[in-house]
Amino acid sequence: MATTLPPVGQVTVISAAPPVPDQRRRGHPLRLVALTLGALMFLFPFYYMLIGSLQDEPDTTPAGALPNPGNLTAANYSDIDDRINLGRTILNSGIFTGGVLLGTVVFGVLAGYALARLHFRGRGLLFGFMLLVQVIPFQLMTIPLYVLIVRNYGLADSYLGMILPFAINSTAVFIFRQYFLQLPKELFEAAHVDGAGELTILLRIALPLVRPALLTAVLLTFIGPWNEFLWPFLITKDQDMQPLAVALANYISNVAARATNPYGALLAGACVLVAPVVVLFVAFQRHFVSTDIGSGVKG
Amino acid sequence: MKRTVAPLLLAITLAASTAACGDSGTSAADAAVKRGPIKIWYSNNPEELAWGQAMVAAWNTAHPDQQVTAEEIPAGKTSEETIGAAITAGTAPCLVFNTAPAAVPQFQKQGGLVALDEFPGARDYIEQRTGERATQYVSPDDKYYQLPWKSNPVVIFYNKKAFAAAGIDPERPPLATHAEFLDTARKVVKGGGAQFAILPAPSAEFFQSWFDFYPMFAAETGGRQLVEQGRAQFAGDEGRRVAQLWRTLYDEGLAGREKYNGDAFADGKAAMSVVGPWAISVYGDKVEWGAVPVPTSQRTPASEIHTFSDAKNVAMYSACTNRATAWDLMKFATSNEQDGALLAGTGQMPMRTGLPKAYPDYFASHPNYTGFADLAERTVEVPNVPNSIAIWQTVRDAYSSSVIFGKSDPTTALDEAASKVDQLAGQR
Amino acid sequence: MFGRQPVGLAFVSPYVVFLVMIFAYPLGLAVWMSFHDYFFAAPGVAVDRPFVGFDNYTAVLGDPAVRRAFLNILIFLVINVPLTVVLSLILASALNAAIPFRTFFRVSFYVPYLTASVAVVGVWLFLFNSDGLVNKVLGPLAPEPSWLVNTGLAMPVVAIYVTWKQLGFFILLYLAALQNVPKELYEAAAVDGASRSRAFRSVTVPGVRPATTLVVLLATITGANLFTEPYLLTGGGGPNGTSTSPVLLMYQRGIEQGEPGVAAAIGMVLVIGVLAVSLVNRRLLERD
């Protein structure tokens, strides 16, 4: 007979004591003040970035931190749009990042789950190797990787060549493993008793429970390739293939110096680069907190 | 884990060594006479880009069977990395129109460059066009692995308005000797002309010495290179005098110790800058500039002053198969006509002797460039020796700690650096 | 024979293939290079790459610049890691609660992480310049010489910059972990009359222990491999080499100066060091 497994996504909580007002949940004024101060300190450089990118003439005095209506212009942004094909480069960034996300989510989740919950020969070895890979700085591997991917695999000027070194983000695998580890054993024992296969367990039970971790890992994996400059720069010489970070870096290092306001042009480029990420982030951030997870199986 | 690591590494290393064996492809002798389409890289500095595109278009029209495809690479530090990686992978283009002379020894060691001597008449062509300076570009094995292309003789630019505000004559400022330079620097800062007299980048990248120490050293020694005959030259009296001048500038706060995010001269933060004529297009209308040669300790007539060349050259890379075409393109790009176009378009000095005579119209309409053309005849290049980048890094580290940050005595620091450099220059 | 659950092998096989394809060769090559007088050559060029045993290692370990770089990273880690753990956990807890404007707060703490360093460094340079905003505010308390050119302060400033920049990442990690701390534990603590800070110490901190291990581990690894930030903030090595990082030296020696064997030796020493530190950390934190 099937044991009562709660429907996926809804785990009820049964507590013995009457509900006590959770002090955590009340908006404590001091906390709010501290958070606000912190947030302002964190945001200040970006506010300054935005202001700086809109300046007509560079105003490096502290007073220039306030928007001066007489000094505002969108010229820095239109300048960028003239030099760089924004549409094409954003598309390239999207493909690059999307490829990495796909690889990480599909294969990384599988690997993280296996490392956390499945016992197979070589598990320790793989975990150790994964740790080792994390620790190696990219600069050490740049040229051998380049030779490997361009010469041996023949993937110069291709999306695959860009994606390959980043295809499965090891940090994400780490994170997946960590969060799968946090799930209670009883959950899996119950599922095994139920006769469910590993893949089913992963997809229908474990994965939904770590949805916040999944989304976290997705966002973190997004940032790497989106902001990555050196590798796509090495791999692609064809300007049509270059992602936004490379095009902007080129712009900043060479063209921006000629603009009327080079500092402003640099900041405008930076704002353009960060805007899509912030938008995505704001859109998805509420999913980082799952609706109501409570404890595991009860009753 | 330890049990399997060793065999794993062994397997990997075997794979690595087989992967490292590349195919030999066409033999060098065959390639030297082959013609066909080629690929080149040039920098994406806007004016050079415009010149490059026009030059390639002109060639392509005249040679439909030897088409040139051109790609841009940024001129910054990363270009060396890109070229080095491309050499290793065998994907370097035929020509790179932005090869830094300092990187040539390394590319040569990697087997990445083609000796131009193998083309009939190449040596004569180079030496005729560039004259005596060409000898600075020969490699230790007495071959040319680069074609001297253009230079940007480094001078002192000064802000006329800032000088005038501080009470210094903007048309004839006293900047000819070390003592005068120091005095003027003090005056311009005290008089409120600018926050700093001069602000070269104080950061520790190996090439920064090319824009503070080296130009003055070249001038002070009357044209000596950093390393000559395998021995460091910079720890002698001349080097010490130059180092002392800069040390005083930093000690008195006349030169800044913090990197400025932007162009300090163009933004009016520094009253002077040490750079070549390419910067003029950056300064544009922002600064009313004047230019004088770099100072020497004793007064030297301007017609005898040397300086750093800041040259960029064209090199042919060994991955090239259609080398005859590549060489022809090199000659085309440095022909009388193309050199003139480069001069007119960018203001940089092609490395051709007798520029004012060759392009009288240009210099008639741009009289303030005649000084550069004259100075271009007496430029000093970075020494073409093994480990040249390591040498420059050693010098920069010593200069940075003793001169910029004043943490040690410049004389001792330079002496120590010199013995290290002697070792590096003597290797292989 | 394949362990209790051999399907695990199937699950990890794509990842293993990826690791072997992409990392095994460069890694193996790096180890090989560290024992040879190695340099990268064009294909087909016959070069002599003699085996030099431990020469590269002795040269590296005896080089004062390398030693200074490792010391710099140690200073960095001592500041960055504890600060990161404490701040990110506290902030994650705060951001987990039902506070007003939660989205705004969350975004504001994550934004530094989302931005490319190249861009945001300019603003910090402006702020910490000798006549920048920070010094203007501090007035007579401003350090002389100023922050980024002060041999004692340069690396700490870099450490604070990186902490600020990476905090969003670690807040996210803690936020996800906090979801898995059962709510009854907090309720039970409240019933027991525990104050909020007591509850934090006894429920939250132990409850997210695996995440803390992860945070410490990742912060250590990222810190040890620091390259871009010290380079951009202090211009390639800082005042008298006090903010040089080992990876910067690797870049200089390996790629700029064409001595990848020496760079690989530095890299190996770095890897061993980080592994040692990570093992110690793990031992301390996962005491069950």
# chains A, B, ... in the order shown; residues from 1 in each chain; ligands from 1
>>> interface_residues(of="chain B", to="chain A", cutoff="6 Å", atoms="only C-alpha atoms", output="list in words")
Met1, Thr82, Ala85, Ala89 and Val282 of chain B
>>> interface_residues(of="chain C", to="chain B", cutoff="9 Å", atoms="only C-alpha atoms", output="PyMOL selection string")
chain C and resi 20+24-29+31-32+39-47+122+125-126+129-130+146+148-149+234-241+252-253+255-258
>>> write_last_selection(atoms="N, CA and C atoms", output="tab-separated table (two decimals), in the first residue's frame")
chain	number	residue	atom	x	y	z
C	20	VAL	N	36.80	16.24	-17.30
C	20	VAL	CA	37.98	15.67	-17.94
C	20	VAL	C	38.33	16.44	-19.19
C	24	ALA	N	40.94	18.60	-16.98
C	24	ALA	CA	42.00	17.65	-16.71
C	24	ALA	C	43.25	17.98	-17.48
C	25	TYR	N	43.09	18.29	-18.75
C	25	TYR	CA	44.27	18.59	-19.56
C	25	TYR	C	45.00	19.84	-19.08
C	26	PRO	N	44.33	20.97	-18.92
C	26	PRO	CA	45.07	22.14	-18.45
C	26	PRO	C	45.68	21.92	-17.08
C	27	LEU	N	44.96	21.22	-16.22
C	27	LEU	CA	45.47	20.98	-14.89
C	27	LEU	C	46.72	20.11	-14.95
C	28	GLY	N	46.61	19.01	-15.71
C	28	GLY	CA	47.78	18.15	-15.85
C	28	GLY	C	48.94	18.90	-16.46
C	29	LEU	N	48.64	19.70	-17.46
C	29	LEU	CA	49.69	20.48	-18.09
C	29	LEU	C	50.32	21.44	-17.10
C	31	VAL	N	50.64	21.07	-13.89
C	31	VAL	CA	51.56	20.34	-13.01
C	31	VAL	C	52.84	20.01	-13.76
C	32	TRP	N	52.69	19.57	-15.00
C	32	TRP	CA	53.86	19.25	-15.83
C	32	TRP	C	54.75	20.47	-16.00
C	39	PHE	N	57.86	26.84	-21.96
C	39	PHE	CA	57.19	28.00	-22.54
C	39	PHE	C	56.35	27.54	-23.72
C	40	PHE	N	55.33	28.33	-24.01
C	40	PHE	CA	54.41	27.96	-25.07
C	40	PHE	C	55.03	28.31	-26.41
C	41	ALA	N	54.96	27.37	-27.32
C	41	ALA	CA	55.55	27.62	-28.62
C	41	ALA	C	54.51	27.39	-29.70
C	42	ALA	N	54.80	27.93	-30.88
C	42	ALA	CA	53.91	27.73	-32.01
C	42	ALA	C	53.89	26.26	-32.37
C	43	PRO	N	52.81	25.80	-32.96
C	43	PRO	CA	52.75	24.37	-33.30
C	43	PRO	C	53.84	24.00	-34.30
C	44	GLY	N	54.43	22.87	-34.08
C	44	GLY	CA	55.42	22.41	-35.02
C	44	GLY	C	56.81	22.93	-34.77
C	45	VAL	N	56.94	23.81	-33.78
C	45	VAL	CA	58.28	24.33	-33.50
C	45	VAL	C	58.95	23.42	-32.49
C	46	ALA	N	60.14	23.00	-32.80
C	46	ALA	CA	60.85	22.11	-31.89
C	46	ALA	C	61.54	22.94	-30.82
C	47	VAL	N	61.11	22.73	-29.59
C	47	VAL	CA	61.73	23.51	-28.51
C	47	VAL	C	62.24	22.59	-27.42
C	122	GLY	N	35.76	52.16	-10.72
C	122	GLY	CA	35.97	53.59	-10.95
C	122	GLY	C	35.34	54.44	-9.87
C	125	LEU	N	37.38	54.16	-6.73
C	125	LEU	CA	38.60	54.95	-6.85
C	125	LEU	C	38.29	56.40	-6.57
C	126	PHE	N	37.18	56.84	-7.09
C	126	PHE	CA	36.80	58.22	-6.86
C	126	PHE	C	36.56	58.47	-5.38
C	129	ASN	N	39.92	58.25	-3.21
C	129	ASN	CA	41.03	59.08	-3.66
C	129	ASN	C	41.48	59.99	-2.53
C	130	SER	N	42.67	60.53	-2.66
C	130	SER	CA	43.16	61.35	-1.56
C	130	SER	C	42.30	62.59	-1.35
C	146	SER	N	47.10	58.49	1.76
C	146	SER	CA	45.70	58.11	1.63
C	146	SER	C	45.52	56.62	1.38
C	148	LEU	N	44.54	54.14	-0.70
C	148	LEU	CA	45.03	53.18	-1.68
C	148	LEU	C	46.51	53.30	-1.96
C	149	VAL	N	47.15	54.33	-1.41
C	149	VAL	CA	48.60	54.41	-1.60
C	149	VAL	C	49.32	54.20	-0.28
C	234	THR	N	44.35	49.00	-7.26
C	234	THR	CA	45.64	49.55	-6.89
C	234	THR	C	46.64	49.50	-8.03
C	235	GLY	N	46.15	49.34	-9.22
C	235	GLY	CA	47.03	49.45	-10.38
C	235	GLY	C	48.16	48.46	-10.42
C	236	GLY	N	47.86	47.19	-10.43
C	236	GLY	CA	48.91	46.21	-10.69
C	236	GLY	C	49.93	46.05	-9.59
C	237	GLY	N	49.53	45.91	-8.35
C	237	GLY	CA	50.51	45.58	-7.33
C	237	GLY	C	50.52	46.50	-6.16
C	238	GLY	N	49.98	47.68	-6.34
C	238	GLY	CA	49.82	48.54	-5.18
C	238	GLY	C	51.11	49.17	-4.69
C	239	PRO	N	50.98	49.98	-3.65
C	239	PRO	CA	52.14	50.68	-3.11
C	239	PRO	C	53.18	49.68	-2.62
C	240	ASN	N	54.27	49.62	-3.30
C	240	ASN	CA	55.35	48.75	-2.88
C	240	ASN	C	54.94	47.29	-2.81
C	241	GLY	N	54.08	46.89	-3.69
C	241	GLY	CA	53.72	45.48	-3.76
C	241	GLY	C	52.85	44.98	-2.62
C	252	GLN	N	51.60	37.83	-14.48
C	252	GLN	CA	52.78	38.55	-14.96
C	252	GLN	C	53.84	37.58	-15.46
C	253	ARG	N	54.15	36.59	-14.62
C	253	ARG	CA	55.24	35.70	-14.99
C	253	ARG	C	54.83	34.77	-16.13
C	255	ILE	N	52.01	34.85	-18.40
C	255	ILE	CA	51.51	35.32	-19.68
C	255	ILE	C	52.30	36.50	-20.20
C	256	GLU	N	52.62	37.44	-19.34
C	256	GLU	CA	53.35	38.61	-19.83
C	256	GLU	C	54.81	38.28	-20.11
C	257	GLN	N	55.44	37.54	-19.19
C	257	GLN	CA	56.88	37.32	-19.35
C	257	GLN	C	57.21	35.97	-19.95
C	258	GLY	N	56.20	35.22	-20.31
C	258	GLY	CA	56.45	33.97	-20.99
C	258	GLY	C	57.17	32.92	-20.16
>>> closest_residue(among="A:Val246, A:Ala114, A:Leu86, A:Leu207", to="chain C", atoms="only C-alpha atoms")
A:Ala114
>>> atom_distance(atom1="CA of Pro100 in chain C", atom2="CA of Met49 in chain A")
26.3 Å
>>> closest_residue(among="C:Val271, C:Val85, C:Ile266, C:Val157", to="chain A", atoms="only C-alpha atoms")
C:Val271
>>> atom_distance(atom1="CA of Tyr113 in chain C", atom2="CA of Leu167 in chain C")
7.0 Å
>>> residues_around(residues="Phe188 in chain A", least_positions_apart="5", cutoff="9 Å", atoms="only C-alpha atoms", output="list in words")
Arg117, Leu183, Val193, Ile201, Ile205 and Ala206 of chain A
>>> closest_residue(among="C:Ile79, C:Leu74, C:Leu173, C:Val262", to="chain A", atoms="only C-alpha atoms")
C:Leu173
>>> closest_residue(among="A:Ala247, A:Leu181, A:Ala196, A:Ile90", to="Val208 in chain C", atoms="only C-alpha atoms")
A:Leu181
>>> residues_around(residues="range 155-161 of chain B", least_positions_apart="6", cutoff="7 Å", atoms="only C-alpha atoms", output="number ranges by chain")
B: 170, 271-276, 287-294
>>> closest_residue(among="C:Ala119, C:Met268, C:Ala177, C:Met155", to="Gly52 in chain A", atoms="only C-alpha atoms")
C:Ala119
>>> select_by_dssp(residues="range 104-209 of chain C", states="helix (DSSP H, G or I)", output="ChimeraX atom specification")
/C:104-114,117-128,133-141,147-149,154-178,183-191,196-207,209
>>> closest_residue(among="B:Arg123, B:Lys150, B:Lys312, B:Arg396", to="Gln348 in chain B", atoms="only C-alpha atoms")
B:Lys150
>>> residues_around(residues="Gly223 in chain B", least_positions_apart="5", cutoff="12 Å", atoms="only C-alpha atoms", output="list in words")
Arg133, Gln136, Tyr214, Pro215, Met216, Phe217, Ala218, Glu228, Gln233, Glu238, Thr296, Glu304, Ile305, His306, Thr307, Phe308, Ser309, Leu375, Glu377, Arg378, Thr379, Val380, Glu381, Val382 and Pro383 of chain B
>>> select_by_dssp(residues="range 99-208 of chain B", states="strand (DSSP E)", output="list in words")
Thr99, Leu147, Pro148, Trp149, Lys150, Ser151, Val155, Ile156, Phe157, Tyr158, Asn159, Phe196, Ala197 and Ile198 of chain B
>>> atom_distance(atom1="CA of Asn169 in chain A", atom2="CA of Ser13 in chain C")
14.9 Å
>>> residues_around(residues="range 37-50 of chain B", least_positions_apart="2", cutoff="8 Å", atoms="only C-alpha atoms", output="compact mmCIF listing (two decimals) with N, CA, C and O atoms, in the first residue's frame")
# COMPACT_ATOMS: atom_id res chain seq x y z
N ASN A 254 39.19 51.77 -25.63
CA ASN A 254 39.69 52.53 -26.77
C ASN A 254 38.87 53.72 -27.19
O ASN A 254 39.38 54.79 -27.40
N VAL A 255 37.58 53.51 -27.29
CA VAL A 255 36.79 54.57 -27.87
C VAL A 255 36.40 55.62 -26.84
O VAL A 255 36.34 56.80 -27.13
N ARG B 35 51.13 32.86 -52.72
CA ARG B 35 50.26 34.02 -52.69
C ARG B 35 48.82 33.57 -52.58
O ARG B 35 48.44 32.50 -53.02
N GLY B 52 43.53 51.92 -41.66
CA GLY B 52 43.65 50.50 -42.00
C GLY B 52 42.58 50.05 -42.98
O GLY B 52 42.85 49.33 -43.94
N GLN B 53 41.36 50.49 -42.72
CA GLN B 53 40.29 50.06 -43.60
C GLN B 53 40.49 50.59 -45.02
O GLN B 53 40.29 49.86 -46.00
N ALA B 54 40.93 51.84 -45.11
CA ALA B 54 41.17 52.41 -46.44
C ALA B 54 42.29 51.67 -47.14
O ALA B 54 42.21 51.36 -48.34
N ASP B 65 42.69 38.54 -56.36
CA ASP B 65 42.99 37.14 -56.06
C ASP B 65 43.77 36.99 -54.76
O ASP B 65 44.09 35.88 -54.35
N GLN B 66 44.09 38.10 -54.13
CA GLN B 66 44.83 38.03 -52.86
C GLN B 66 44.12 38.91 -51.84
O GLN B 66 44.67 39.87 -51.33
N GLN B 67 42.87 38.53 -51.56
CA GLN B 67 42.06 39.36 -50.68
C GLN B 67 42.56 39.36 -49.25
O GLN B 67 43.01 38.34 -48.74
N VAL B 68 42.45 40.51 -48.64
CA VAL B 68 42.87 40.66 -47.25
C VAL B 68 41.62 40.80 -46.37
O VAL B 68 40.77 41.63 -46.64
N THR B 69 41.53 39.95 -45.36
CA THR B 69 40.46 40.12 -44.36
C THR B 69 41.10 40.72 -43.12
O THR B 69 42.13 40.25 -42.66
N ALA B 70 40.48 41.76 -42.62
CA ALA B 70 41.08 42.45 -41.49
C ALA B 70 40.17 42.39 -40.28
O ALA B 70 38.96 42.52 -40.40
N GLU B 71 40.76 42.19 -39.09
CA GLU B 71 40.00 42.19 -37.85
C GLU B 71 40.67 43.12 -36.86
O GLU B 71 41.87 43.32 -36.92
N GLU B 72 39.87 43.63 -35.94
CA GLU B 72 40.44 44.54 -34.95
C GLU B 72 40.78 43.81 -33.68
O GLU B 72 40.03 42.94 -33.25
N ILE B 73 41.88 44.17 -33.09
CA ILE B 73 42.08 43.79 -31.69
C ILE B 73 42.40 45.04 -30.91
O ILE B 73 43.04 45.94 -31.42
N PRO B 74 41.94 45.11 -29.69
CA PRO B 74 42.22 46.31 -28.91
C PRO B 74 43.71 46.48 -28.71
O PRO B 74 44.46 45.50 -28.66
N ALA B 75 44.14 47.72 -28.59
CA ALA B 75 45.56 48.00 -28.52
C ALA B 75 46.13 47.79 -27.13
O ALA B 75 47.31 47.90 -26.94
N PRO B 93 47.10 35.55 -37.17
CA PRO B 93 46.92 35.99 -38.54
C PRO B 93 48.27 36.14 -39.23
O PRO B 93 49.30 35.92 -38.61
N CYS B 94 48.25 36.52 -40.51
CA CYS B 94 49.52 36.71 -41.21
C CYS B 94 50.27 37.91 -40.67
O CYS B 94 51.48 37.84 -40.45
N LEU B 95 49.55 39.01 -40.49
CA LEU B 95 50.20 40.23 -40.05
C LEU B 95 49.45 40.82 -38.87
O LEU B 95 48.22 40.76 -38.83
N VAL B 96 50.18 41.39 -37.96
CA VAL B 96 49.55 42.16 -36.90
C VAL B 96 50.14 43.56 -36.95
O VAL B 96 51.35 43.76 -36.78
N PHE B 97 49.25 44.52 -37.21
CA PHE B 97 49.72 45.88 -37.38
C PHE B 97 49.83 46.63 -36.07
O PHE B 97 49.64 47.82 -36.02
N ASN B 98 50.07 45.91 -35.00
CA ASN B 98 50.20 46.63 -33.74
C ASN B 98 51.16 45.88 -32.83
O ASN B 98 50.98 45.85 -31.63
N CYS B 320 51.29 31.94 -40.95
CA CYS B 320 50.90 32.45 -42.27
C CYS B 320 51.33 31.49 -43.36
O CYS B 320 52.47 31.03 -43.40
N ASN B 322 50.41 32.18 -46.90
CA ASN B 322 50.65 32.96 -48.12
C ASN B 322 51.58 34.12 -47.83
O ASN B 322 51.20 35.30 -47.87
N THR B 325 52.33 37.18 -50.33
CA THR B 325 51.29 38.21 -50.29
C THR B 325 51.47 39.09 -49.06
O THR B 325 51.36 40.32 -49.13
N ALA B 326 51.72 38.43 -47.93
CA ALA B 326 51.85 39.18 -46.69
C ALA B 326 53.00 40.19 -46.80
O ALA B 326 52.85 41.35 -46.41
N LEU B 342 48.76 57.68 -43.42
CA LEU B 342 48.83 57.44 -41.98
C LEU B 342 49.16 58.72 -41.24
O LEU B 342 48.53 59.06 -40.23
N GLY B 345 46.19 61.08 -41.39
CA GLY B 345 45.00 60.61 -40.66
C GLY B 345 45.18 60.53 -39.16
O GLY B 345 44.25 60.73 -38.40
N THR B 346 46.39 60.18 -38.72
CA THR B 346 46.56 59.92 -37.30
C THR B 346 47.50 60.89 -36.61
O THR B 346 47.51 60.98 -35.39
